[in-house]
file final-v3.cif (mmCIF, C-alpha atoms)
data_final
loop_
_atom_site.label_atom_id
_atom_site.label_comp_id
_atom_site.auth_asym_id
_atom_site.auth_seq_id
_atom_site.Cartn_x
_atom_site.Cartn_y
_atom_site.Cartn_z
CA MET A 301 0.00 0.00 0.00
CA SER A 302 1.40 3.38 -0.95
CA ASP A 303 1.85 6.11 1.60
CA HIS A 304 -0.87 8.05 -0.18
CA GLU A 305 -3.42 5.28 0.20
CA SER A 306 -2.60 4.61 3.81
CA LYS A 307 -3.54 8.18 4.82
CA LYS A 308 -6.56 8.60 2.54
CA VAL A 309 -8.47 11.76 3.32
CA PRO A 310 -12.21 10.99 3.57
CA GLY A 311 -14.37 12.36 0.79
CA LEU A 312 -16.18 15.65 1.16
CA LEU A 313 -19.93 15.52 1.71
CA MET A 314 -21.73 18.47 0.12
CA VAL A 315 -25.37 18.81 1.16
CA VAL A 316 -27.68 21.00 -0.87
CA SER A 317 -31.21 22.15 -0.07
CA ALA A 318 -33.47 24.70 -1.66
CA PRO A 319 -37.12 25.58 -1.75
CA SER A 320 -39.19 24.86 -4.83
CA GLY A 321 -38.44 27.64 -7.32
CA ALA A 322 -34.80 28.19 -6.37
CA GLY A 323 -33.43 26.25 -9.34
CA LYS A 324 -31.53 23.65 -7.30
CA THR A 325 -31.77 20.92 -9.93
CA SER A 326 -30.13 23.11 -12.62
CA VAL A 327 -27.35 24.19 -10.26
CA CYS A 328 -26.63 20.58 -9.19
CA ARG A 329 -26.65 19.35 -12.79
CA ARG A 330 -24.05 21.96 -13.85
CA VAL A 331 -21.88 21.28 -10.79
CA MET A 332 -21.87 17.55 -11.59
CA GLU A 333 -20.83 18.36 -15.17
CA LEU A 334 -17.99 20.57 -13.91
CA PHE A 335 -16.82 18.01 -11.36
CA PRO A 336 -17.36 14.52 -12.73
CA ASP A 337 -15.53 13.17 -9.68
CA ILE A 338 -18.35 14.19 -7.35
CA HIS A 339 -20.78 11.31 -6.88
CA PHE A 340 -24.44 12.07 -6.54
CA SER A 341 -25.82 10.41 -3.42
CA ILE A 342 -28.88 8.40 -4.42
CA SER A 343 -31.84 8.04 -2.06
CA VAL A 344 -33.66 4.82 -1.36
CA THR A 345 -37.43 4.81 -1.91
CA THR A 346 -40.39 2.43 -1.80
CA ARG A 347 -42.39 4.33 -4.41
CA GLU A 348 -42.72 3.05 -7.98
CA PRO A 349 -40.31 4.45 -10.59
CA ARG A 350 -41.94 7.16 -12.72
CA PRO A 351 -41.58 6.93 -16.49
CA GLY A 352 -37.95 7.57 -17.43
CA GLU A 353 -36.59 7.10 -13.90
CA VAL A 354 -33.67 4.72 -13.71
CA GLU A 355 -32.73 2.41 -10.82
CA GLY A 356 -29.37 3.45 -9.35
CA LYS A 357 -29.46 6.83 -11.07
CA ASP A 358 -32.57 8.59 -9.81
CA TYR A 359 -33.29 6.36 -6.82
CA HIS A 360 -32.68 2.93 -5.42
CA PHE A 361 -36.16 1.44 -5.68
CA VAL A 362 -36.86 -1.14 -2.98
CA SER A 363 -39.86 -2.95 -1.51
CA ILE A 364 -41.45 -1.84 1.76
CA GLU A 365 -40.15 -5.04 3.39
CA LYS A 366 -36.60 -4.29 2.31
CA PHE A 367 -36.94 -0.67 3.52
CA ARG A 368 -38.16 -1.84 6.93
CA GLU A 369 -35.22 -4.23 7.17
CA MET A 370 -32.86 -1.35 6.42
CA ILE A 371 -34.51 0.72 9.18
CA ALA A 372 -34.18 -2.23 11.58
CA ARG A 373 -30.47 -2.59 10.72
CA ASP A 374 -30.04 1.17 11.34
CA GLU A 375 -28.78 1.67 7.80
CA PHE A 376 -30.32 5.10 7.31
CA VAL A 377 -28.86 8.36 8.49
CA GLU A 378 -32.38 9.74 7.97
CA TRP A 379 -35.65 8.53 6.51
CA VAL A 380 -39.14 9.92 6.10
CA GLU A 381 -42.61 8.76 5.07
CA ASN A 382 -44.47 10.95 2.57
CA TYR A 383 -47.97 10.06 1.39
CA GLY A 384 -47.40 6.40 2.17
CA HIS A 385 -44.01 6.16 0.45
CA PHE A 386 -40.71 5.88 2.27
CA TYR A 387 -37.56 7.79 1.35
CA GLY A 388 -34.21 7.36 3.04
CA THR A 389 -30.49 8.15 2.88
CA SER A 390 -28.33 5.09 3.39
CA LYS A 391 -25.51 5.78 5.83
CA VAL A 392 -23.85 2.53 4.79
CA THR A 393 -23.65 3.61 1.13
CA MET A 394 -22.49 7.16 1.94
CA ASP A 395 -19.78 5.88 4.28
CA HIS A 396 -18.65 3.42 1.62
CA PHE A 397 -17.98 6.30 -0.79
CA LEU A 398 -16.62 8.80 1.75
CA GLU A 399 -14.18 6.30 3.28
CA ARG A 400 -12.74 5.70 -0.19
CA GLY A 401 -12.12 9.43 -0.61
CA CYS A 402 -15.05 10.03 -3.00
CA ASP A 403 -16.83 13.35 -2.73
CA LEU A 404 -20.62 13.19 -2.48
CA LEU A 405 -23.40 15.60 -3.35
CA LEU A 406 -26.59 14.99 -1.41
CA ASP A 407 -29.79 16.78 -2.40
CA ILE A 408 -32.08 16.71 0.61
CA GLU A 409 -34.73 18.80 2.32
CA PRO A 410 -33.85 20.71 5.54
CA ARG A 411 -35.25 18.15 7.98
CA GLY A 412 -32.96 15.50 6.52
CA ALA A 413 -30.05 17.93 6.27
CA ARG A 414 -30.29 18.53 10.00
CA GLU A 415 -29.80 14.80 10.66
CA ILE A 416 -26.85 14.75 8.24
CA LYS A 417 -25.24 17.65 10.08
CA LYS A 418 -25.50 15.69 13.35
CA HIS A 419 -23.80 12.61 11.88
CA TYR A 420 -21.33 14.28 9.52
CA ALA A 421 -19.85 17.27 11.33
CA ARG A 422 -17.54 18.08 8.41
CA ALA A 423 -20.23 18.08 5.74
CA ALA A 424 -20.64 21.40 3.93
CA LEU A 425 -24.30 22.44 3.89
CA VAL A 426 -25.36 24.79 1.12
CA PHE A 427 -28.76 26.44 0.88
CA ILE A 428 -29.80 27.79 -2.52
CA LEU A 429 -31.99 30.89 -2.39
CA PRO A 430 -34.04 32.50 -5.12
CA PRO A 431 -32.98 36.16 -5.60
CA SER A 432 -36.16 37.72 -4.18
CA LEU A 433 -39.68 37.04 -3.01
CA ALA A 434 -41.07 38.60 -6.20
CA GLU A 435 -38.88 36.37 -8.36
CA LEU A 436 -39.79 33.28 -6.30
CA ARG A 437 -43.48 34.07 -6.78
CA LYS A 438 -42.89 34.56 -10.52
CA ARG A 439 -40.99 31.28 -10.88
CA LEU A 440 -43.67 29.34 -9.03
CA ALA A 441 -46.44 31.06 -11.03
CA ASN A 442 -44.75 30.02 -14.28
CA ARG A 443 -45.76 26.50 -13.46
CA GLY A 444 -49.29 27.53 -14.42
CA GLU A 445 -51.04 26.31 -11.30
CA SER A 446 -54.12 27.84 -9.63
CA PHE A 447 -53.80 30.76 -7.20
CA GLU A 448 -54.51 28.47 -4.25
CA VAL A 449 -51.87 25.93 -5.23
CA LEU A 450 -49.41 28.76 -5.88
CA GLU A 451 -49.98 30.26 -2.41
CA ARG A 452 -49.55 26.85 -0.82
CA ARG A 453 -46.29 26.28 -2.71
CA LEU A 454 -45.07 29.76 -1.83
CA ASN A 455 -45.76 29.19 1.86
CA ALA A 456 -44.00 25.83 1.71
CA SER A 457 -40.98 27.52 0.09
CA LEU A 458 -40.93 30.24 2.72
CA SER A 459 -40.95 27.74 5.59
CA GLU A 460 -38.01 25.97 3.97
CA ILE A 461 -36.15 29.29 3.60
CA ARG A 462 -36.56 29.85 7.35
CA GLU A 463 -34.20 26.87 7.78
CA ALA A 464 -31.42 28.49 5.72
CA THR A 465 -30.05 30.22 8.83
CA TRP A 466 -28.29 27.11 10.20
CA TYR A 467 -26.72 26.07 6.89
CA ASP A 468 -23.00 26.74 6.35
CA TYR A 469 -23.34 28.59 3.05
CA VAL A 470 -25.99 30.49 1.15
CA VAL A 471 -25.91 30.69 -2.64
CA VAL A 472 -28.34 33.05 -4.36
CA ASN A 473 -29.51 31.76 -7.73
CA GLU A 474 -30.24 34.89 -9.71
CA LYS A 475 -28.24 33.87 -12.78
CA LEU A 476 -27.53 30.17 -13.08
CA GLU A 477 -23.87 30.58 -14.04
CA ASP A 478 -23.17 32.87 -11.05
CA ALA A 479 -24.84 30.42 -8.69
CA VAL A 480 -22.82 27.53 -10.15
CA GLU A 481 -19.67 29.63 -9.76
CA ARG A 482 -20.43 30.20 -6.06
CA PHE A 483 -21.26 26.56 -5.47
CA ARG A 484 -18.05 25.58 -7.24
CA ALA A 485 -16.12 28.04 -5.03
CA VAL A 486 -17.58 26.45 -1.88
CA TYR A 487 -16.52 23.02 -3.14
CA LEU A 488 -12.96 24.14 -3.98
CA ALA A 489 -12.60 26.06 -0.72
CA GLU A 490 -13.79 23.10 1.36
CA LYS A 491 -11.29 20.90 -0.49
CA SER A 492 -8.58 23.44 0.43
CA ARG A 493 -9.31 23.32 4.18
CA THR A 494 -6.11 22.62 6.07
CA GLU A 495 -7.45 19.42 7.67
CA ARG A 496 -7.85 18.03 4.12
CA CYS A 497 -4.33 19.12 3.11
CA ALA A 498 -2.24 17.60 5.91
CA GLU A 499 -0.40 15.41 3.40
CA LYS A 500 0.64 18.42 1.34
CA ILE A 501 2.19 20.05 4.41
CA GLU A 502 3.84 16.82 5.55
CA LEU A 503 5.70 16.59 2.23
CA PHE A 504 7.96 19.31 3.58
CA LEU A 505 8.32 18.15 7.16
CA THR A 506 9.70 14.64 6.77
CA MET B 396 -30.04 55.61 6.66
CA SER B 397 -31.20 52.78 4.44
CA ASP B 398 -31.97 49.37 5.83
CA HIS B 399 -28.94 48.07 3.97
CA GLU B 400 -26.57 50.53 5.62
CA SER B 401 -28.00 50.01 9.08
CA LYS B 402 -27.17 46.29 9.04
CA LYS B 403 -23.82 46.53 7.26
CA VAL B 404 -21.98 43.21 7.30
CA PRO B 405 -18.36 43.75 8.40
CA GLY B 406 -15.73 43.29 5.70
CA LEU B 407 -13.94 39.99 5.32
CA LEU B 408 -10.33 39.85 6.48
CA MET B 409 -8.22 37.50 4.35
CA VAL B 410 -4.79 36.75 5.80
CA VAL B 411 -2.12 35.25 3.59
CA SER B 412 1.25 33.81 4.55
CA ALA B 413 3.81 31.84 2.62
CA PRO B 414 7.46 30.94 2.85
CA SER B 415 9.98 32.54 0.54
CA GLY B 416 9.71 30.72 -2.80
CA ALA B 417 5.97 29.99 -2.68
CA GLY B 418 5.06 32.81 -5.06
CA LYS B 419 2.78 34.67 -2.65
CA THR B 420 3.36 38.09 -4.21
CA SER B 421 2.24 36.90 -7.67
CA VAL B 422 -0.86 35.21 -6.26
CA CYS B 423 -1.84 38.30 -4.24
CA ARG B 424 -1.27 40.61 -7.21
CA ARG B 425 -3.58 38.55 -9.45
CA VAL B 426 -6.24 38.28 -6.73
CA MET B 427 -6.21 42.06 -6.29
CA GLU B 428 -6.64 42.45 -10.06
CA LEU B 429 -9.58 40.05 -10.06
CA PHE B 430 -11.23 41.68 -7.05
CA PRO B 431 -10.56 45.43 -7.15
CA ASP B 432 -12.90 45.80 -4.15
CA ILE B 433 -10.46 44.02 -1.84
CA HIS B 434 -8.22 46.54 -0.09
CA PHE B 435 -4.64 45.60 0.59
CA SER B 436 -3.83 46.17 4.25
CA ILE B 437 -0.70 48.33 4.45
CA SER B 438 1.81 47.85 7.25
CA VAL B 439 3.42 50.64 9.22
CA THR B 440 7.22 50.74 9.33
CA THR B 441 10.04 52.87 10.65
CA ARG B 442 12.50 51.88 7.96
CA GLU B 443 13.36 54.21 5.07
CA PRO B 444 11.44 53.77 1.81
CA ARG B 445 13.45 51.84 -0.79
CA PRO B 446 13.72 53.26 -4.31
CA GLY B 447 10.30 53.02 -5.96
CA GLU B 448 8.38 52.39 -2.74
CA VAL B 449 5.38 54.66 -2.29
CA GLU B 450 3.94 55.95 1.00
CA GLY B 451 0.42 54.58 1.50
CA LYS B 452 0.88 51.94 -1.18
CA ASP B 453 3.81 49.79 -0.04
CA TYR B 454 3.95 50.94 3.58
CA HIS B 455 3.02 53.74 5.87
CA PHE B 456 6.47 55.16 6.67
CA VAL B 457 6.64 56.73 10.12
CA SER B 458 9.31 57.90 12.56
CA ILE B 459 10.39 55.80 15.52
CA GLU B 460 8.75 58.34 17.84
CA LYS B 461 5.45 58.06 16.02
CA PHE B 462 5.70 54.23 16.05
CA ARG B 463 6.32 54.23 19.82
CA GLU B 464 3.31 56.50 20.31
CA MET B 465 1.21 54.06 18.33
CA ILE B 466 2.42 51.18 20.52
CA ALA B 467 1.62 53.22 23.64
CA ARG B 468 -1.89 53.93 22.34
CA ASP B 469 -2.31 50.20 21.67
CA GLU B 470 -2.97 50.86 17.99
CA PHE B 471 -1.28 47.71 16.70
CA VAL B 472 -2.80 44.28 16.53
CA GLU B 473 0.77 43.04 16.18
CA TRP B 474 4.21 44.59 15.74
CA VAL B 475 7.76 43.33 15.46
CA GLU B 476 11.31 44.67 15.45
CA ASN B 477 13.61 43.35 12.72
CA TYR B 478 17.24 44.48 12.49
CA GLY B 479 16.45 47.73 14.28
CA HIS B 480 13.38 48.56 12.18
CA PHE B 481 9.81 48.34 13.44
CA TYR B 482 6.92 46.88 11.46
CA GLY B 483 3.32 46.82 12.63
CA THR B 484 -0.29 46.23 11.62
CA SER B 485 -2.62 49.00 12.71
CA LYS B 486 -5.77 47.65 14.31
CA VAL B 487 -7.33 51.11 14.09
CA THR B 488 -6.90 51.24 10.29
CA MET B 489 -8.06 47.67 9.75
CA ASP B 490 -11.16 48.20 11.89
CA HIS B 491 -11.91 51.41 9.99
CA PHE B 492 -12.11 49.44 6.72
CA LEU B 493 -13.78 46.31 8.10
CA GLU B 494 -16.51 48.24 9.91
CA ARG B 495 -17.40 49.94 6.62
CA GLY B 496 -17.81 46.55 4.97
CA CYS B 497 -14.53 46.67 3.01
CA ASP B 498 -12.73 43.38 2.50
CA LEU B 499 -9.03 43.37 3.40
CA LEU B 500 -6.09 41.28 2.27
CA LEU B 501 -3.27 41.16 4.81
CA ASP B 502 0.09 39.70 3.83
CA ILE B 503 1.86 38.75 7.05
CA GLU B 504 4.24 36.16 8.42
CA PRO B 505 2.92 33.35 10.69
CA ARG B 506 3.84 34.97 14.01
CA GLY B 507 1.75 38.02 13.11
CA ALA B 508 -1.02 35.86 11.62
CA ARG B 509 -1.37 34.11 14.97
CA GLU B 510 -2.07 37.46 16.67
CA ILE B 511 -4.57 38.33 13.95
CA LYS B 512 -6.40 35.05 14.50
CA LYS B 513 -6.70 35.88 18.21
CA HIS B 514 -8.22 39.30 17.54
CA TYR B 515 -10.26 38.53 14.41
CA ALA B 516 -11.92 35.16 14.91
CA ARG B 517 -13.71 35.38 11.55
CA ALA B 518 -10.62 36.14 9.48
CA ALA B 519 -9.83 33.54 6.82
CA LEU B 520 -6.19 32.48 7.04
CA VAL B 521 -4.62 31.09 3.88
CA PHE B 522 -1.19 29.50 3.68
CA ILE B 523 0.40 29.28 0.24
CA LEU B 524 2.64 26.24 -0.25
CA PRO B 525 5.15 25.52 -2.99
CA PRO B 526 4.28 22.24 -4.76
CA SER B 527 7.23 20.21 -3.42
CA LEU B 528 10.50 20.41 -1.54
CA ALA B 529 12.43 19.91 -4.79
CA GLU B 530 10.55 22.76 -6.45
CA LEU B 531 11.04 25.01 -3.41
CA ARG B 532 14.77 24.32 -3.51
CA LYS B 533 14.81 25.06 -7.24
CA ARG B 534 12.91 28.33 -6.87
CA LEU B 535 15.19 29.52 -4.08
CA ALA B 536 18.29 28.46 -6.05
CA ASN B 537 17.13 30.50 -9.04
CA ARG B 538 17.90 33.57 -7.02
CA GLY B 539 21.57 32.82 -7.64
CA GLU B 540 22.75 32.95 -4.06
CA SER B 541 25.56 30.89 -2.47
CA PHE B 542 24.92 27.36 -1.15
CA GLU B 543 25.11 28.60 2.43
CA VAL B 544 22.59 31.37 1.87
CA LEU B 545 20.36 28.94 -0.02
CA GLU B 546 20.38 26.41 2.86
CA ARG B 547 19.61 29.16 5.33
CA ARG B 548 16.68 30.38 3.21
CA LEU B 549 15.45 26.82 2.74
CA ASN B 550 15.49 26.17 6.47
CA ALA B 551 13.69 29.45 7.12
CA SER B 552 11.03 28.44 4.56
CA LEU B 553 10.63 25.02 6.17
CA SER B 554 10.10 26.48 9.63
CA GLU B 555 7.42 28.73 8.21
CA ILE B 556 5.73 25.77 6.50
CA ARG B 557 5.54 24.05 9.91
CA GLU B 558 3.09 26.81 10.88
CA ALA B 559 0.71 25.98 8.00
CA THR B 560 -1.10 23.40 10.15
CA TRP B 561 -3.14 25.95 12.10
CA TYR B 562 -4.20 28.03 9.09
CA ASP B 563 -7.76 27.66 7.77
CA TYR B 564 -6.84 26.93 4.17
CA VAL B 565 -3.85 25.65 2.21
CA VAL B 566 -3.32 26.66 -1.40
CA VAL B 567 -0.59 24.91 -3.37
CA ASN B 568 1.07 27.16 -5.92
CA GLU B 569 2.20 24.81 -8.65
CA LYS B 570 0.69 26.79 -11.51
CA LEU B 571 -0.04 30.42 -10.75
CA GLU B 572 -3.50 30.43 -12.37
CA ASP B 573 -4.61 27.33 -10.42
CA ALA B 574 -3.42 28.85 -7.16
CA VAL B 575 -5.24 32.11 -7.94
CA GLU B 576 -8.36 30.07 -8.76
CA ARG B 577 -8.20 28.36 -5.35
CA PHE B 578 -7.55 31.60 -3.53
CA ARG B 579 -10.47 33.17 -5.38
CA ALA B 580 -12.67 30.18 -4.39
CA VAL B 581 -11.78 30.66 -0.72
CA TYR B 582 -12.70 34.34 -0.99
CA LEU B 583 -16.06 33.64 -2.69
CA ALA B 584 -16.90 30.79 -0.31
CA GLU B 585 -16.12 32.93 2.75
CA LYS B 586 -18.35 35.66 1.31
CA SER B 587 -21.11 33.03 0.94
CA ARG B 588 -21.00 31.95 4.60
CA THR B 589 -24.48 32.11 6.08
CA GLU B 590 -23.49 34.59 8.78
CA ARG B 591 -22.57 37.03 5.98
CA CYS B 592 -25.85 36.41 4.12
CA ALA B 593 -28.39 37.02 6.88
CA GLU B 594 -29.86 39.94 4.94
CA LYS B 595 -30.49 37.79 1.90
CA ILE B 596 -32.45 35.31 4.00
CA GLU B 597 -34.36 38.05 5.83
CA LEU B 598 -35.66 39.36 2.49
CA PHE B 599 -38.05 36.42 2.54
CA LEU B 600 -39.00 36.41 6.18
CA THR B 601 -40.40 39.91 6.71
#
call {"tool": "encode", "arguments": {"input": "final-v3.cif", "output": "structure tokens"}}
result
Amino acid sequence: MSDHESKKVPGLLMVVSAPSGAGKTSVCRRVMELFPDIHFSISVTTREPRPGEVEGKDYHFVSIEKFREMIARDEFVEWVENYGHFYGTSKVTMDHFLERGCDLLLDIEPRGAREIKKHYARAALVFILPPSLAELRKRLANRGESFEVLERRLNASLSEIREATWYDYVVVNEKLEDAVERFRAVYLAEKSRTERCAEKIELFLT
Amino acid sequence: MSDHESKKVPGLLMVVSAPSGAGKTSVCRRVMELFPDIHFSISVTTREPRPGEVEGKDYHFVSIEKFREMIARDEFVEWVENYGHFYGTSKVTMDHFLERGCDLLLDIEPRGAREIKKHYARAALVFILPPSLAELRKRLANRGESFEVLERRLNASLSEIREATWYDYVVVNEKLEDAVERFRAVYLAEKSRTERCAEKIELFLT
């Protein structure tokens, strides 16, 4: 085993949350294109795949029995039930990647992010904000839903934004490329933290 | 007073140190070009200006009497005497800029950086490393000095590198543009820290 392998720095866990209308999916997609080495952390779910969804890419699709077994074996860092379907983040899978030095991007809502923060103190939590309330309203309205649905979505987004205060970083998505640039900066800066660069310093001190 | 002014976020203090041969001056110069809003923090000294050095750009040149007065008034966050000349960092001047929301770049050796860290807990401390011991030796040798002088400089650089472990970030300067990119990422990431973005979140919560 080389000296490099023996002192492997664990991968970096980047957690990203955003309310509906913040453009999180576009930001994440661009970041993954820029950094093909970052693995996207895939959730486990008991719901049926929707048309076009691929096992192992969009989700790991499992039966309810299998999901319950995973809960019983304490495999999840967090899980939730929504409208009768279960969704969870497998701690076993994340640790597998992180221990091998792979960086992970985990897209998760604030309640789950809070659990992640408890278990992974060195994770970098990024909250993506829309540029303004007016713009958020506009983006949600573009979906062409009724006024009632829009107000409900807006209120849901605002309660999520209330959670932004305990995240590590805030990235405002006014222009996609600027938001990607900021997200990229957070990634590079976290990779440059001294605790991740001990080997580079030790090169000089042997 | 506008709402924006009344809640002014203090400027970000970026501290940079590097051993001789790491290329710190080139990195700092490029960063200042990229971010004209960052002010370079100018040290106070009692030594004579060298040819080409400009008051208020390279240093603030003061008399020994004036420097002693400043010490007595506790104006320095750190000061040092080197070969009979005094050098200091004025806390009063730095606070003046930071309180107005200006970002500052302070180029200082590790002993001074340690004092800064004590007084400015939110400063971001960056240590610039040469890529390898061989490359450091090569860069120092290029200065065309005698073997003895070279060994002395190399040892001085190595003792400085020992201090890198308590900095917040490490940037390896193998290629100038990559090092500038990393430094820039640290700056942007620090500016995106949630505690600096409270206003952006509050926009949605009023």
call {"tool": "atom_distance", "arguments": {"input": "final-v3.cif", "atom1": "CA of Glu555 (chain B)", "atom2": "CA of Pro505 (chain B)"}}
result
6.9 Å
call {"tool": "atom_distance", "arguments": {"input": "final-v3.cif", "atom1": "CA of Arg588 (chain B)", "atom2": "CA of Ala434 (chain A)"}}
result
23.7 Å
call {"tool": "closest_residue", "arguments": {"input": "final-v3.cif", "among": "B:Cys497, B:Ile523, B:Met427, B:Ala536", "to": "chain A", "atoms": "all atoms listed in the file"}}
result
B:Ile523
call {"tool": "closest_residue", "arguments": {"input": "final-v3.cif", "among": "A:Leu505, A:Glu477, A:Lys438, A:Leu405", "to": "Phe335 (chain A)", "atoms": "only C-alpha atoms"}}
result
A:Leu405
call {"tool": "resolve_selection", "arguments": {"input": "final-v3.cif", "expression": "the PyMOL selection byres ((chain B) within 10 of (chain A))", "output": "JSON, numbers by chain"}}
result
{"B": [520, 521, 522, 524, 525, 526, 527, 528, 529, 531, 552, 553, 554, 556, 557, 558, 559, 560, 561, 562, 563, 564, 565, 566, 567, 576, 577, 578, 579, 580, 581, 582, 583, 584, 585, 586, 587, 588, 589, 590, 591, 592, 593, 595, 596, 597, 598, 599, 600]}
call {"tool": "residues_around", "arguments": {"input": "final-v3.cif", "residues": "Arg443 (chain A)", "least_positions_apart": "6", "cutoff": "12 Å", "atoms": "only C-alpha atoms", "output": "PyMOL selection string"}}
result
chain A and resi 320-321+436-437+449-450+453
call {"tool": "atom_distance", "arguments": {"input": "final-v3.cif", "atom1": "CA of Glu378 (chain A)", "atom2": "CA of Ile416 (chain A)"}}
result
7.5 Å
